[in-house]
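Trainee: Quick one, final28.csv (CSV, C-alpha atoms):
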```csv
chain,number,residue,atom,x,y,z
Y,1,MET,CA,14.0,14.5,-2.2
Y,2,ASN,CA,16.1,17.6,-2.6
Y,3,ALA,CA,19.3,15.7,-2.0
Y,4,TRP,CA,19.0,13.9,-5.3
Y,5,VAL,CA,17.2,16.5,-7.3
Y,6,ARG,CA,20.5,17.7,-8.7
Y,7,GLY,CA,23.9,16.4,-9.4
Y,8,ILE,CA,23.5,12.6,-9.3
Y,9,VAL,CA,24.5,10.9,-12.4
Y,10,THR,CA,23.0,7.6,-13.2
Y,11,GLN,CA,25.6,5.3,-14.7
Y,12,ARG,CA,24.5,1.9,-15.7
Y,13,THR,CA,25.6,-0.6,-18.3
Y,14,GLY,CA,22.3,-2.5,-19.0
Y,15,PHE,CA,22.3,-1.4,-22.6
Y,16,GLN,CA,23.0,-3.5,-25.6
Y,17,GLU,CA,25.7,-2.3,-28.0
Y,18,GLY,CA,24.1,0.0,-30.6
Y,19,GLU,CA,20.8,0.3,-28.9
Y,20,THR,CA,19.4,3.7,-29.9
Y,21,SER,CA,16.1,4.1,-28.1
Y,22,MET,CA,16.5,5.8,-24.7
Y,23,LYS,CA,15.5,3.3,-22.0
Y,24,ASN,CA,15.7,5.8,-19.2
Y,25,ILE,CA,12.8,7.8,-17.9
Y,26,ILE,CA,11.9,9.8,-14.9
Y,27,GLY,CA,8.5,9.3,-13.3
Y,28,ARG,CA,6.2,9.7,-10.3
Y,29,LYS,CA,5.0,6.7,-8.3
Y,30,VAL,CA,1.2,6.9,-8.3
Y,31,GLY,CA,0.4,3.9,-6.3
Y,32,MET,CA,-0.4,0.2,-6.6
Y,33,THR,CA,-3.2,-1.9,-7.9
Y,34,SER,CA,-3.8,-5.1,-9.7
Y,35,VAL,CA,-4.6,-5.7,-13.4
Y,36,PHE,CA,-5.5,-8.6,-15.6
Y,37,THR,CA,-2.9,-9.4,-18.3
Y,38,ALA,CA,-3.9,-10.5,-21.8
Y,39,ASP,CA,-3.4,-14.2,-20.8
Y,40,GLY,CA,-5.7,-13.8,-17.9
Y,41,ARG,CA,-3.3,-13.6,-15.0
Y,42,TYR,CA,-4.2,-11.1,-12.2
Y,43,VAL,CA,-1.0,-9.3,-11.5
Y,44,PRO,CA,-0.1,-6.8,-8.8
Y,45,VAL,CA,1.4,-3.7,-10.3
Y,46,THR,CA,2.8,-0.3,-9.4
Y,47,VAL,CA,1.5,2.6,-11.5
Y,48,ILE,CA,4.3,5.0,-12.5
Y,49,GLU,CA,3.4,8.2,-14.3
Y,50,ALA,CA,6.6,8.5,-16.4
Y,51,GLY,CA,7.6,11.2,-18.8
Y,52,PRO,CA,7.3,12.9,-21.1
Y,53,CYS,CA,10.9,13.9,-20.3
Y,54,ILE,CA,12.8,16.5,-22.3
Y,55,VAL,CA,16.5,16.5,-23.0
Y,56,LEU,CA,17.8,19.6,-21.3
Y,57,GLN,CA,21.5,19.2,-22.0
Y,58,ARG,CA,23.8,16.9,-23.9
Y,59,LYS,CA,27.1,16.6,-22.0
Y,60,THR,CA,30.2,15.5,-23.9
Y,61,ALA,CA,33.6,14.3,-23.0
Y,62,ASP,CA,35.1,17.4,-24.7
Y,63,SER,CA,33.1,20.0,-22.9
Y,64,ASP,CA,32.2,18.4,-19.6
Y,65,GLY,CA,34.6,15.5,-19.1
Y,66,TYR,CA,32.0,12.8,-19.6
Y,67,ASP,CA,29.1,11.9,-21.8
Y,68,ALA,CA,25.6,12.2,-20.4
Y,69,VAL,CA,22.2,13.4,-21.2
Y,70,ALA,CA,20.2,15.5,-18.7
Y,71,LEU,CA,16.5,14.8,-18.7
Y,72,ALA,CA,13.9,17.1,-17.2
Y,73,PHE,CA,10.6,15.9,-15.9
Y,74,GLY,CA,7.5,17.3,-14.1
Y,75,ASP,CA,5.5,20.5,-14.3
Y,76,VAL,CA,6.6,23.4,-12.2
Y,77,LYS,CA,5.7,27.0,-11.7
Y,78,LYS,CA,8.3,29.2,-13.1
Y,79,SER,CA,8.5,31.3,-9.9
Y,80,ARG,CA,9.6,28.1,-8.0
Y,81,LEU,CA,12.8,27.7,-10.0
Y,82,THR,CA,16.1,29.0,-8.9
Y,83,LYS,CA,17.6,31.5,-11.3
Y,84,ALA,CA,20.4,29.2,-12.1
Y,85,MET,CA,18.0,26.4,-13.1
Y,86,ALA,CA,15.8,28.9,-15.0
Y,87,GLY,CA,18.8,30.0,-16.9
Y,88,ARG,CA,19.6,26.4,-17.9
Y,89,PHE,CA,16.2,25.9,-19.3
Y,90,LYS,CA,16.2,29.2,-21.0
Y,91,SER,CA,19.5,28.6,-22.7
Y,92,ALA,CA,18.4,25.2,-23.8
Y,93,GLY,CA,15.2,26.6,-25.2
Y,94,VAL,CA,13.2,24.1,-23.2
Y,95,ASP,CA,10.1,24.5,-21.0
Y,96,ALA,CA,10.9,24.6,-17.3
Y,97,LYS,CA,10.6,21.3,-15.5
Y,98,LYS,CA,10.7,20.3,-11.9
Y,99,VAL,CA,13.4,17.6,-11.8
Y,100,VAL,CA,16.6,17.1,-13.7
Y,101,ARG,CA,18.6,13.9,-13.8
Y,102,GLU,CA,21.6,12.8,-15.9
Y,103,PHE,CA,21.9,9.5,-17.6
Y,104,ARG,CA,25.0,8.0,-19.1
Y,105,ASP,CA,23.7,5.0,-21.0
Y,106,GLY,CA,21.7,4.5,-24.1
Y,107,ILE,CA,22.2,8.1,-25.1
Y,108,ASP,CA,23.4,7.7,-28.7
Y,109,GLY,CA,21.8,10.3,-31.0
Y,110,MET,CA,20.0,12.1,-28.2
Y,111,GLU,CA,19.6,15.9,-28.8
Y,112,VAL,CA,18.5,18.8,-26.8
Y,113,GLY,CA,14.8,19.4,-26.9
Y,114,GLN,CA,14.0,15.8,-27.8
Y,115,ALA,CA,11.2,14.1,-25.8
Y,116,VAL,CA,11.5,10.8,-24.1
Y,117,THR,CA,8.3,8.9,-23.5
Y,118,VAL,CA,7.2,5.5,-22.3
Y,119,GLU,CA,7.1,4.5,-25.9
Y,120,SER,CA,10.7,3.2,-25.6
Y,121,PHE,CA,9.4,0.5,-23.1
Y,122,GLN,CA,7.4,-2.6,-24.0
Y,123,ALA,CA,5.4,-5.0,-22.1
Y,124,GLY,CA,7.7,-7.9,-21.0
Y,125,ASP,CA,10.8,-5.7,-20.7
Y,126,HIS,CA,12.8,-5.9,-17.6
Y,127,VAL,CA,13.7,-2.7,-15.9
Y,128,ASP,CA,15.5,-1.5,-12.8
Y,129,VAL,CA,13.6,1.1,-10.8
Y,130,VAL,CA,15.3,3.6,-8.5
Y,131,GLY,CA,13.4,5.3,-5.7
Y,132,ILE,CA,13.9,6.9,-2.3
Y,133,SER,CA,12.6,4.5,0.4
Y,134,LYS,CA,10.0,5.6,2.9
Y,135,GLY,CA,11.4,7.2,6.0
Y,136,HIS,CA,11.0,5.2,9.3
Y,137,GLY,CA,12.9,7.6,11.5
Y,138,PHE,CA,15.0,6.1,14.3
Y,139,ALA,CA,14.2,2.5,14.1
Y,140,GLY,CA,15.1,-0.5,16.3
Y,141,GLY,CA,16.9,-3.6,15.2
Y,142,ILE,CA,13.7,-5.6,14.6
Y,143,LYS,CA,12.3,-3.2,12.0
Y,144,ARG,CA,15.7,-2.1,10.6
Y,145,HIS,CA,17.6,-5.4,10.4
Y,146,ASN,CA,14.9,-8.0,10.7
Y,147,PHE,CA,16.1,-9.1,14.2
Y,148,VAL,CA,13.9,-11.7,15.8
Y,149,GLY,CA,13.7,-10.2,19.3
Y,150,GLY,CA,12.8,-11.9,22.5
Y,151,SER,CA,9.7,-13.6,23.6
Y,152,ARG,CA,6.8,-11.4,24.8
Y,153,THR,CA,6.0,-13.8,27.6
Y,154,HIS,CA,7.6,-16.7,29.5
Y,155,GLY,CA,9.2,-14.4,32.0
Y,156,GLN,CA,11.6,-12.8,29.4
Y,157,MET,CA,12.5,-9.2,30.0
Y,158,ILE,CA,14.1,-8.8,26.6
Y,159,HIS,CA,11.4,-8.0,24.1
Y,160,ARG,CA,12.6,-5.8,21.3
Y,161,GLN,CA,16.2,-5.2,22.4
Y,162,PRO,CA,19.0,-5.8,19.9
Y,163,GLY,CA,20.8,-8.3,22.2
Y,164,SER,CA,24.6,-8.7,22.4
Y,165,ASN,CA,26.8,-6.0,21.1
Y,166,GLY,CA,29.6,-8.3,20.3
Y,167,ASP,CA,33.0,-9.4,21.6
Y,168,THR,CA,33.9,-7.7,24.9
Y,169,ASN,CA,37.6,-8.7,24.5
Y,170,ALA,CA,37.9,-6.7,21.4
Y,171,GLY,CA,37.4,-3.5,23.3
Y,172,HIS,CA,35.5,-1.8,20.6
Y,173,THR,CA,32.4,-2.4,18.5
Y,174,SER,CA,33.1,-4.2,15.2
Y,175,ARG,CA,32.5,-2.2,12.1
Y,176,GLY,CA,29.2,-2.5,10.4
Y,177,SER,CA,27.6,-3.9,13.5
Y,178,ARG,CA,23.8,-3.8,13.0
Y,179,ARG,CA,22.3,-1.5,15.5
Y,180,PRO,CA,19.2,0.7,15.9
Y,181,GLY,CA,19.4,3.9,14.0
Y,182,HIS,CA,18.0,5.9,11.2
Y,183,TYR,CA,16.1,3.8,8.7
Y,184,GLY,CA,14.7,4.7,5.3
Y,185,VAL,CA,15.1,7.7,3.0
Y,186,ASP,CA,17.8,5.8,1.1
Y,187,ARG,CA,18.3,5.5,-2.6
Y,188,ILE,CA,17.1,2.0,-3.4
Y,189,THR,CA,17.2,0.1,-6.7
Y,190,HIS,CA,14.9,-2.7,-7.4
Y,191,GLN,CA,16.3,-4.8,-10.3
Y,192,ASN,CA,14.6,-6.8,-13.0
Y,193,LEU,CA,11.0,-5.7,-12.5
Y,194,GLU,CA,8.8,-6.7,-15.4
Y,195,ILE,CA,6.8,-4.1,-17.4
Y,196,VAL,CA,3.2,-5.2,-17.6
Y,197,VAL,CA,1.8,-2.3,-19.6
Y,198,ALA,CA,3.4,0.7,-21.3
Y,199,ASP,CA,0.5,3.1,-21.9
Y,200,VAL,CA,1.7,5.7,-24.3
Y,201,GLU,CA,-1.5,7.7,-24.3
Y,202,ARG,CA,-1.5,8.3,-20.6
Y,203,ASN,CA,2.3,8.3,-20.1
Y,204,VAL,CA,1.9,5.4,-17.6
Y,205,LEU,CA,4.1,2.4,-16.9
Y,206,LEU,CA,2.7,-0.5,-15.0
Y,207,VAL,CA,5.6,-2.4,-13.3
Y,208,ARG,CA,5.0,-5.7,-11.7
Y,209,GLY,CA,5.3,-5.7,-8.0
Y,210,PRO,CA,6.2,-3.0,-5.5
Y,211,VAL,CA,8.6,-0.1,-6.2
Y,212,PRO,CA,10.7,1.7,-3.5
Y,213,GLY,CA,9.3,4.9,-2.0
Y,214,ALA,CA,6.1,6.6,-1.1
Y,215,LYS,CA,3.3,7.6,-3.3
Y,216,ASN,CA,4.1,10.7,-5.4
Y,217,GLY,CA,7.8,9.9,-4.9
Y,218,LEU,CA,10.2,10.3,-7.7
Y,219,VAL,CA,11.3,7.2,-9.5
Y,220,ILE,CA,13.8,6.5,-12.2
Y,221,VAL,CA,13.2,3.6,-14.6
Y,222,THR,CA,16.1,2.2,-16.7
Y,223,ALA,CA,16.7,-0.9,-18.7
Y,224,ALA,CA,17.7,-3.7,-16.5
Y,225,LEU,CA,21.4,-3.9,-15.7
Y,226,ARG,CA,21.4,-7.7,-15.4
Y,227,PRO,CA,18.3,-8.9,-17.2
Y,228,PRO,CA,17.5,-12.6,-16.7
Y,229,SER,CA,19.0,-14.6,-19.4
Y,230,LYS,CA,16.8,-15.9,-22.2
Y,231,THR,CA,17.3,-19.5,-21.3
Y,232,ALA,CA,16.2,-18.8,-17.7
Y,233,ALA,CA,13.2,-16.9,-19.1
Y,234,ALA,CA,12.3,-19.9,-21.3
Y,235,GLN,CA,12.5,-22.2,-18.3
Y,236,GLY,CA,10.4,-20.0,-16.2
Y,237,ALA,CA,7.7,-19.9,-18.9
Y,238,LYS,CA,7.4,-23.7,-18.9
I,1,MET,CA,-9.8,11.1,-12.4
I,2,ASN,CA,-7.1,9.2,-10.8
I,3,VAL,CA,-5.1,7.0,-13.1
I,4,ILE,CA,-5.5,4.0,-10.9
I,5,ASP,CA,-9.3,4.3,-10.9
I,6,LEU,CA,-9.3,4.6,-14.6
I,7,LEU,CA,-7.1,1.5,-15.1
I,8,GLU,CA,-9.4,-0.5,-12.9
I,9,ARG,CA,-12.6,0.8,-14.4
I,10,GLU,CA,-11.3,-0.2,-17.9
I,11,GLN,CA,-11.1,-3.8,-16.9
I,12,LEU,CA,-14.6,-4.1,-15.6
I,13,LYS,CA,-17.0,-6.2,-17.6
I,14,SER,CA,-20.3,-4.6,-18.5
I,15,ASP,CA,-22.2,-7.8,-19.0
I,16,VAL,CA,-22.0,-9.3,-15.5
I,17,PRO,CA,-25.6,-10.2,-14.5
I,18,GLU,CA,-27.0,-9.2,-11.2
I,19,PHE,CA,-26.8,-12.0,-8.7
I,20,ARG,CA,-26.2,-12.5,-5.0
I,21,PRO,CA,-25.2,-15.2,-2.5
I,22,GLY,CA,-27.8,-18.0,-2.5
I,23,ASP,CA,-28.3,-17.9,-6.3
I,24,THR,CA,-27.3,-20.8,-8.4
I,25,VAL,CA,-25.1,-19.9,-11.3
I,26,LYS,CA,-23.3,-21.4,-14.1
I,27,VAL,CA,-19.7,-20.1,-14.5
I,28,TYR,CA,-18.1,-20.7,-17.9
I,29,SER,CA,-14.3,-20.4,-17.5
I,30,ARG,CA,-11.5,-21.0,-20.0
I,31,VAL,CA,-9.1,-23.7,-18.8
I,32,THR,CA,-5.8,-24.7,-20.4
I,33,GLU,CA,-5.2,-28.5,-20.3
I,34,GLY,CA,-2.2,-30.1,-22.1
I,35,GLY,CA,-1.7,-27.0,-24.2
I,36,LYS,CA,-5.3,-26.9,-25.3
I,37,GLU,CA,-7.8,-24.4,-24.2
I,38,ARG,CA,-11.4,-25.2,-23.7
I,39,VAL,CA,-14.4,-23.7,-21.8
I,40,GLN,CA,-15.4,-25.5,-18.6
I,41,MET,CA,-18.8,-25.0,-16.9
I,42,PHE,CA,-19.1,-25.1,-13.2
I,43,GLU,CA,-22.6,-24.9,-11.7
I,44,GLY,CA,-23.3,-24.3,-8.1
I,45,VAL,CA,-24.5,-22.0,-5.3
I,46,VAL,CA,-22.8,-18.7,-4.8
I,47,ILE,CA,-21.7,-18.8,-1.2
I,48,VAL,CA,-19.5,-15.6,-1.1
I,49,ARG,CA,-19.3,-12.6,-3.2
I,50,LYS,CA,-16.6,-10.3,-2.1
I,51,GLY,CA,-14.3,-7.4,-3.1
I,52,GLY,CA,-15.0,-4.6,-5.4
I,53,GLY,CA,-13.6,-3.1,-8.6
I,54,ASN,CA,-11.7,-5.5,-10.9
I,55,GLY,CA,-10.7,-7.7,-8.0
I,56,GLU,CA,-14.3,-8.8,-7.2
I,57,SER,CA,-14.6,-12.5,-6.7
I,58,ILE,CA,-17.2,-15.2,-6.0
I,59,THR,CA,-17.0,-18.6,-4.5
I,60,VAL,CA,-19.3,-21.2,-5.9
I,61,ARG,CA,-20.2,-24.5,-4.1
I,62,ARG,CA,-21.5,-27.7,-5.6
I,63,MET,CA,-21.8,-31.3,-4.7
I,64,SER,CA,-19.7,-33.4,-7.0
I,65,HIS,CA,-20.0,-37.2,-6.6
I,66,GLY,CA,-21.0,-36.8,-3.0
I,67,VAL,CA,-18.1,-34.4,-2.3
I,68,GLY,CA,-18.5,-30.7,-1.7
I,69,VAL,CA,-16.4,-28.7,-4.1
I,70,GLU,CA,-15.9,-24.9,-3.7
I,71,LYS,CA,-14.3,-22.9,-6.5
I,72,SER,CA,-13.4,-19.2,-6.5
I,73,PHE,CA,-13.6,-17.1,-9.6
I,74,LEU,CA,-12.5,-13.5,-10.3
I,75,VAL,CA,-15.7,-12.1,-11.8
I,76,HIS,CA,-14.0,-9.7,-14.1
I,77,SER,CA,-11.2,-12.0,-15.2
I,78,PRO,CA,-10.9,-12.5,-19.0
I,79,ARG,CA,-10.7,-16.3,-18.3
I,80,VAL,CA,-14.3,-16.2,-17.0
I,81,GLU,CA,-16.2,-16.3,-20.2
I,82,LYS,CA,-19.7,-15.7,-18.8
I,83,ILE,CA,-21.9,-16.2,-15.8
I,84,GLU,CA,-25.4,-17.4,-16.1
I,85,ILE,CA,-28.0,-17.5,-13.4
I,86,SER,CA,-30.0,-20.7,-13.2
I,87,LYS,CA,-31.9,-20.2,-9.9
I,88,ARG,CA,-32.6,-17.4,-7.5
I,89,GLY,CA,-32.4,-18.4,-3.8
I,90,ILE,CA,-33.7,-16.8,-0.7
I,91,VAL,CA,-31.1,-16.6,2.0
I,92,ARG,CA,-30.7,-14.4,5.0
I,93,ARG,CA,-27.0,-13.9,5.2
I,94,SER,CA,-24.2,-12.8,2.8
I,95,ARG,CA,-21.8,-15.6,3.6
I,96,LEU,CA,-23.3,-19.1,3.3
I,97,PHE,CA,-20.5,-21.0,5.1
I,98,TYR,CA,-23.1,-22.9,7.0
I,99,LEU,CA,-23.8,-24.9,3.9
I,100,SER,CA,-20.6,-26.9,4.2
I,101,GLU,CA,-21.9,-28.3,7.5
I,102,LYS,CA,-25.2,-29.5,6.0
I,103,ILE,CA,-25.7,-32.5,3.9
I,104,GLY,CA,-28.5,-33.5,1.5
I,105,LYS,CA,-31.9,-32.1,2.2
I,106,ALA,CA,-30.6,-29.7,4.9
I,107,ALA,CA,-28.3,-28.0,2.4
I,108,ARG,CA,-31.2,-26.9,0.2
I,109,ILE,CA,-31.9,-23.3,-0.3
I,110,LYS,CA,-35.4,-21.9,-0.7
I,111,GLU,CA,-36.0,-20.8,-4.3
I,112,LYS,CA,-37.3,-17.5,-5.2
I,113,LYS,CA,-40.2,-17.5,-7.6
I,114,VAL,CA,-39.3,-15.2,-10.4
I,115,ALA,CA,-42.1,-13.7,-12.4
I,116,ARG,CA,-41.6,-14.7,-16.0
```
The structure in this file should be written as structure tokens.

Mentor:
Amino acid sequence: MNAWVRGIVTQRTGFQEGETSMKNIIGRKVGMTSVFTADGRYVPVTVIEAGPCIVLQRKTADSDGYDAVALAFGDVKKSRLTKAMAGRFKSAGVDAKKVVREFRDGIDGMEVGQAVTVESFQAGDHVDVVGISKGHGFAGGIKRHNFVGGSRTHGQMIHRQPGSNGDTNAGHTSRGSRRPGHYGVDRITHQNLEIVVADVERNVLLVRGPVPGAKNGLVIVTAALRPPSKTAAAQGAK
Amino acid sequence: MNVIDLLEREQLKSDVPEFRPGDTVKVYSRVTEGGKERVQMFEGVVIVRKGGGNGESITVRRMSHGVGVEKSFLVHSPRVEKIEISKRGIVRRSRLFYLSEKIGKAARIKEKKVAR
């Protein structure tokens, strides 16, 4: 998790021109369940405890070379912070938080100290959710690349082996060849997930379907980069 | 309490009557047909009651024009308007799948006499 605690800037363009509300939020994946929607459907959802986030810093092209907003999220003991981070919070006059992330979109009018809550999301919105996928260690081709593998029986001696390694005349393994190796702990973005409920009282977002990462993992929810077009949505509703 | 437990608890109905497999119930569910919504009644024997929390479901079996029909309902679904008990049955197992192999008189269930 530490690898992306600092320094990664999220740059997306899923925002409409002139959109003011901040459709970016940092949260924690609580787990999954199913809920009934108002129209009686029973929908699988991921529960994300999101926000309230506080604007820690407003970066501008003049002072920092780019425009961004740094959001802070999650309770933390003060003694757990590095002095550098403590200093950032102190100079901003903001309570210390655990995680800081920068966002480049939908940041018009954001000021230091301002809070970002799930209020900016509505049921029916489409969002992209970023998380760090579960670690699988050193995984074989079947788990890692959906290889089929060999037959367990019928005298075969190739069961879970990856098979051919490619052209022997080439004299080298072609680039990007799918082999066993480390799998998981990657930054994964799931696009166009539907918000089922945005619970302002409890700071909870219910997102339809699964979300990358383990329980208690950090997730970032932003407005969908490529939301389904309205005509497609209308057809889907029919 | 855990947020997930809270969310599930909120969706539970408080007015679900006590019933078990073997009982005959009337299930009133809302169905949408041709853009119109109406309440449909389905009466039959509860042959399975499974799951917990807001995902609890029952399977109800009835004979319809000589054909056995089984229908599953989510007990806590907002589309299920209400569940009424019409008969109490005496059965000795929790899954009454054997009913589907029996026809006519053999498919009867002993009725429990309820004190009025």

Trainee: Residues of chain Y within 12 Å of chain I: nearest atom pair and distance (Å, one decimal) for each, counting only C-alpha atoms, sorted by chain and number, as a Markdown table?

Mentor:
```
| residue | atom | partner | partner_atom | distance |
| --- | --- | --- | --- | --- |
| Y:Arg28 | CA | I:Val3 | CA | 12.0 |
| Y:Lys29 | CA | I:Ile4 | CA | 11.1 |
| Y:Val30 | CA | I:Ile4 | CA | 7.7 |
| Y:Gly31 | CA | I:Ile4 | CA | 7.5 |
| Y:Met32 | CA | I:Ile4 | CA | 7.7 |
| Y:Thr33 | CA | I:Ile4 | CA | 7.0 |
| Y:Ser34 | CA | I:Gly55 | CA | 7.6 |
| Y:Val35 | CA | I:Glu8 | CA | 7.1 |
| Y:Phe36 | CA | I:Ser77 | CA | 6.6 |
| Y:Thr37 | CA | I:Pro78 | CA | 8.6 |
| Y:Ala38 | CA | I:Pro78 | CA | 7.8 |
| Y:Asp39 | CA | I:Pro78 | CA | 7.9 |
| Y:Gly40 | CA | I:Pro78 | CA | 5.5 |
| Y:Arg41 | CA | I:Ser77 | CA | 8.1 |
| Y:Tyr42 | CA | I:Ser77 | CA | 7.7 |
| Y:Val43 | CA | I:Gly55 | CA | 10.4 |
| Y:Pro44 | CA | I:Gly55 | CA | 10.7 |
| Y:Val45 | CA | I:Ile4 | CA | 10.4 |
| Y:Thr46 | CA | I:Ile4 | CA | 9.5 |
| Y:Val47 | CA | I:Ile4 | CA | 7.2 |
| Y:Ile48 | CA | I:Val3 | CA | 9.6 |
| Y:Glu49 | CA | I:Val3 | CA | 8.7 |
| Y:Val197 | CA | I:Leu7 | CA | 10.7 |
| Y:Asp199 | CA | I:Leu7 | CA | 10.3 |
| Y:Glu201 | CA | I:Val3 | CA | 11.8 |
| Y:Arg202 | CA | I:Val3 | CA | 8.4 |
| Y:Asn203 | CA | I:Val3 | CA | 10.3 |
| Y:Val204 | CA | I:Val3 | CA | 8.5 |
| Y:Leu205 | CA | I:Val3 | CA | 11.0 |
| Y:Leu206 | CA | I:Leu7 | CA | 10.0 |
| Y:Lys238 | CA | I:Gly35 | CA | 11.0 |
```

Trainee: Separation of CA of Ala106 in chain I and CA of Met41 in chain I, in Å?

Mentor: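 Pair CA of Ala106 in chain I / CA of Met41 in chain I returns 25.2 Å.
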
Trainee: Between CA of Phe19 in chain I and CA of Ile85 in chain I, measure the distance and give it in Å to one decimal.

Mentor: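 Computing it gives 7.3 Å between the two atoms.
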
Trainee: How many Å separate CA of Phe73 in chain Y from CA of Gly209 in chain Y?

Mentor: 23.6 Å

Trainee: Between Y:Gly141, Y:Pro180, Y:Gly51, Y:Gly135, which residue has the minimum interatomic distance to Glu119 in chain Y, considering all atoms listed in the file?

Mentor: Y:Gly51

Trainee: Tell me which protein, DNA and RNA residues are within 10 Å of range 111-118 of chain Y, counting only C-alpha atoms, leaving out same-chain ones fewer than 5 positions away, and put them as JSON, numbers by chain.

Mentor: {"Y": [21, 22, 23, 24, 25, 26, 27, 49, 50, 51, 52, 53, 54, 55, 56, 57, 58, 69, 70, 71, 72, 73, 92, 93, 94, 95, 197, 198, 199, 200, 201, 202, 203, 204, 205, 221]}

Trainee: Taking C-alpha atoms for each residue, export the selection above as a CSV table (one decimal), in the coordinates of the input.

Mentor:
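The resulting file, out21.csv, is reproduced below:
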```csv
chain,number,residue,atom,x,y,z
Y,21,SER,CA,16.1,4.1,-28.1
Y,22,MET,CA,16.5,5.8,-24.7
Y,23,LYS,CA,15.5,3.3,-22.0
Y,24,ASN,CA,15.7,5.8,-19.2
Y,25,ILE,CA,12.8,7.8,-17.9
Y,26,ILE,CA,11.9,9.8,-14.9
Y,27,GLY,CA,8.5,9.3,-13.3
Y,49,GLU,CA,3.4,8.2,-14.3
Y,50,ALA,CA,6.6,8.5,-16.4
Y,51,GLY,CA,7.6,11.2,-18.8
Y,52,PRO,CA,7.3,12.9,-21.1
Y,53,CYS,CA,10.9,13.9,-20.3
Y,54,ILE,CA,12.8,16.5,-22.3
Y,55,VAL,CA,16.5,16.5,-23.0
Y,56,LEU,CA,17.8,19.6,-21.3
Y,57,GLN,CA,21.5,19.2,-22.0
Y,58,ARG,CA,23.8,16.9,-23.9
Y,69,VAL,CA,22.2,13.4,-21.2
Y,70,ALA,CA,20.2,15.5,-18.7
Y,71,LEU,CA,16.5,14.8,-18.7
Y,72,ALA,CA,13.9,17.1,-17.2
Y,73,PHE,CA,10.6,15.9,-15.9
Y,92,ALA,CA,18.4,25.2,-23.8
Y,93,GLY,CA,15.2,26.6,-25.2
Y,94,VAL,CA,13.2,24.1,-23.2
Y,95,ASP,CA,10.1,24.5,-21.0
Y,197,VAL,CA,1.8,-2.3,-19.6
Y,198,ALA,CA,3.4,0.7,-21.3
Y,199,ASP,CA,0.5,3.1,-21.9
Y,200,VAL,CA,1.7,5.7,-24.3
Y,201,GLU,CA,-1.5,7.7,-24.3
Y,202,ARG,CA,-1.5,8.3,-20.6
Y,203,ASN,CA,2.3,8.3,-20.1
Y,204,VAL,CA,1.9,5.4,-17.6
Y,205,LEU,CA,4.1,2.4,-16.9
Y,221,VAL,CA,13.2,3.6,-14.6
```

Trainee: Excluding Ile103 in chain I and residues on its chain fewer than 5 positions from it, collect all residues at most 12 Å away from it, counting only C-alpha atoms, and give them as a list in words.

Mentor: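 Final neighbour list, sorted by chain and number: Arg62, Met63, Gly66, Val67, Gly68, Tyr98, Arg108 and Ile109 of chain I.
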
Trainee: I need every residue sitting at most 12 Å from the point (-25.6, -17.4, 3.5) (coordinates as in the file, all atoms listed in the file considered), written as number ranges by chain.

Mentor: I: 20-23, 45-49, 59-61, 89-100, 107-110

Trainee: N, CA, C and O atoms for range 91-98 of chain I, written as a short mmCIF file (atom, residue, chain, number, x, y, z; two decimals), in the coordinates of the input, could you do that?

Mentor:
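So selection.cif came out as:
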```cif
data_model
loop_
_atom_site.label_atom_id
_atom_site.label_comp_id
_atom_site.auth_asym_id
_atom_site.auth_seq_id
_atom_site.Cartn_x
_atom_site.Cartn_y
_atom_site.Cartn_z
N VAL I 91 -31.96 -16.33 0.89
CA VAL I 91 -31.10 -16.60 2.00
C VAL I 91 -31.05 -15.32 2.89
O VAL I 91 -31.41 -14.23 2.43
N ARG I 92 -30.64 -15.50 4.14
CA ARG I 92 -30.70 -14.40 5.00
C ARG I 92 -29.32 -13.91 5.50
O ARG I 92 -29.19 -13.14 6.43
N ARG I 93 -28.28 -14.42 4.87
CA ARG I 93 -27.00 -13.90 5.20
C ARG I 93 -26.13 -13.80 3.89
O ARG I 93 -26.49 -14.35 2.87
N SER I 94 -25.01 -13.07 4.01
CA SER I 94 -24.20 -12.80 2.80
C SER I 94 -23.14 -13.86 2.61
O SER I 94 -22.58 -14.00 1.53
N ARG I 95 -22.78 -14.58 3.67
CA ARG I 95 -21.80 -15.60 3.60
C ARG I 95 -22.42 -16.95 3.95
O ARG I 95 -22.84 -17.09 5.09
N LEU I 96 -22.50 -17.88 3.03
CA LEU I 96 -23.30 -19.10 3.30
C LEU I 96 -22.34 -20.25 3.72
O LEU I 96 -22.44 -21.36 3.21
N PHE I 97 -21.43 -19.97 4.65
CA PHE I 97 -20.50 -21.00 5.10
C PHE I 97 -21.20 -22.15 5.78
O PHE I 97 -20.68 -23.25 5.85
N TYR I 98 -22.41 -21.88 6.30
CA TYR I 98 -23.10 -22.90 7.00
C TYR I 98 -23.49 -24.10 6.09
O TYR I 98 -23.73 -25.21 6.55
#
```
